[in-house]
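J.: Sharing a structure here in structure tokens format.
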Amino acid sequence: MKQKSICKIKLSLIGIVIMLGCGRTKADFIFGEPVRLEAPVNTPDWNLLPHISSDELTLFFSSSRPGSLGASDIWVTTRPTRDDPWTEPENLGAPVNTPDYEWAPYIAPDGSELYFHSDRPGGHGWMDLWVVRRETTERMPEGYWGTPTNLGPTVNSAYLDAQPYITHDGLEFFFTSDRPGGLGDGDLWVMKRLTIEDPWGEPVNLGPTINSPSGDRIGCLSSDGLILFFDSQRSGGYGQSDIWMSKRPTVLDDWESPVNLGPTVNTGYVEGNQSISADGLTLYFSGKRPGGLGSLDTPNLWQSSIIPIVDLNSDGIVDAEDMCIMVDYWGTDNKLCDIAPMPWGDGIVDTQDLIVLAKHLFEEFPPVQ
């Protein structure tokens, strides 16, 4: 009885903190200290625009390293398991890469399609969006990728159209463009369709909640479609370009006001070009920041862990009192306790959340990096 009373008192205090909007409990999750991907993935050359596959065993990115066919090519590195190091990156070769620029690879969840943008001949504007397909995801001799196809005038314009990202359900296609009708020097746009068999609708600007008068560029969406990451030069950041995120309660709802990822991820320099793992636990990005290979003008690939808030009462340790809090909120949509299957939850406190909490029992929080 005494333990239950203590839990209820702590619960009331936490509720006050949440309503006031202060303290660490305001967040659903935190970001770990970014770690630079080691050589041979990073080099003193430009390495940027990463995209991680759904199984997190293949990483596509753009690079200007020796062996490229043009100013920037698409490269790929693999690993047998998530605990293994990345292998020596390989150039995708022709016809994917050309003497022109190939940027921002996006691999479909099933691995069958690769989208990117390029200024190669045959487009509709300065930079166009393209797609290339393959019959199998198994390794094959050179040429197993088909011939890239321009996505056509519905998405491409006479202006810059770049950085493709399709949601895991295949129903929303996000990209960056500086076409007329935007709010600034590059905006986020989206095309939608009812089913994956339908053609894409006309591009729609995401509007002033997401876009600003400054440059805004799409990065990625979480696999559940509820978190949007993008980089922006808007005011309120920490450097020349910062990573921001926006949430929506469901895929049918509007995006909420963006939030800066904060000084753990962002610096006084340049961060952007994000890709998030399918389980929502790792954010990959590129940055011109201290600690990279090459000069500060050379972007490197980085990763940061996404850590759910499991110390529910903020006393520095995950223990029985935190489990008591979660049980008291069982079956509700309490954001503090809703930490699974993604770190930002799924709208209900249930067994999945308890399993995540149990994995961290008796750990200090935040964890030592």
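Chain labels follow the order of the structure tokens: the first chain is A, the next B, and so on; residue numbering restarts at 1 in every chain, and ligands are counted from 1 in their shown order.
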If you run DSSP on the backbone here, which positions in segment 38-264 of chain A get strand (DSSP E)? Please write them as a PyMOL selection string.
T.: chain A and resi 47-52+58-63+73-78+90-91+102-107+113-118+128-133+149-150+161-166+172-177+187-192+204-205+216-221+227-232+242-247+259-260
J.: What lies within 9 Å of segment 231-246 of chain A using only C-alpha atoms, ignoring chain neighbours under 4 positions off, as a PyMOL selection string?
T.: chain A and resi 210-219+226-227+255-263+265-274
J.: How would the residues just chosen look if you wrote them out with C-alpha atoms as a compact mmCIF listing (two decimals), in the first residue's frame?
T.:
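Result file follows (part-v2.txt):
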# COMPACT_ATOMS: atom_id res chain seq x y z
CA ILE A 210 7.28 22.45 -42.42
CA ASN A 211 8.77 24.77 -45.04
CA SER A 212 10.36 28.15 -44.35
CA PRO A 213 11.77 31.06 -46.35
CA SER A 214 15.18 29.40 -45.92
CA GLY A 215 16.40 26.22 -47.61
CA ASP A 216 14.54 23.09 -46.45
CA ARG A 217 15.49 19.61 -47.70
CA ILE A 218 13.82 16.26 -47.13
CA GLY A 219 15.82 13.64 -45.30
CA LEU A 226 4.97 9.25 -38.12
CA ILE A 227 8.33 11.07 -37.90
CA TRP A 255 2.49 17.45 -39.51
CA GLU A 256 3.17 19.23 -36.22
CA SER A 257 5.56 22.17 -35.77
CA PRO A 258 9.17 21.04 -36.35
CA VAL A 259 11.60 20.59 -33.46
CA ASN A 260 15.37 20.98 -33.70
CA LEU A 261 17.28 17.79 -32.79
CA GLY A 262 19.42 19.83 -30.43
CA PRO A 263 23.14 20.26 -29.76
CA VAL A 265 23.37 16.01 -33.07
CA ASN A 266 23.61 19.53 -34.46
CA THR A 267 26.74 21.67 -34.24
CA GLY A 268 27.85 25.12 -35.36
CA TYR A 269 28.66 23.59 -38.74
CA VAL A 270 26.57 21.57 -41.25
CA GLU A 271 24.37 18.52 -40.57
CA GLY A 272 21.80 16.98 -42.89
CA ASN A 273 20.91 14.20 -45.36
CA GLN A 274 19.29 11.84 -42.85
J.: So which residues touch Ala320 of chain A within 12 Å, counting only C-alpha atoms, skipping near sequence neighbours fewer than 3 positions away, as a list in words?
T.: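 Neighbouring residues, sequence-local ones excluded: Gln3, Lys4, Ile6, Cys7, Val310, Asp311, Leu312, Asn313, Asp315, Ile317, Met323, Cys324, Ile325, Met326, Val327, Leu354, Leu357, Ala358, His360, Leu361, Phe362 and Glu363 of chain A.
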J.: Out of A:Asp319, A:Asp84, A:Asp254, A:Asp45, which residue has the shortest atom-to-atom distance to Leu228 of chain A when counting only C-alpha atoms?
T.: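 Looking only at the distances to Leu228 of chain A, the closest residue turns out to be A:Asp254.
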J.: Do you know which residues are at most 7 Å from Asp128 of chain A counting only C-alpha atoms, after dropping those on the same chain fewer than 3 positions away, and could you put them as a list in words?
T.: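 The filter keeps His117, Ser118, Asp119, Gly123, His124, Gly125, Asn156, Leu160, Asp161 and Ala162 of chain A.
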J.: Within 8 Å of segment 60-75 of chain A, counting only C-alpha atoms, which residues qualify if same-chain residues fewer than 3 places away don't, as number ranges by chain?
T.: A: 43, 45-53, 89-93, 96-107
J.: Could you please determine the separation between atom CA of Arg179 of chain A and atom CA of Asp198 of chain A in Å, to one decimal place?
T.: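 These atoms are spaced 24.4 Å apart.
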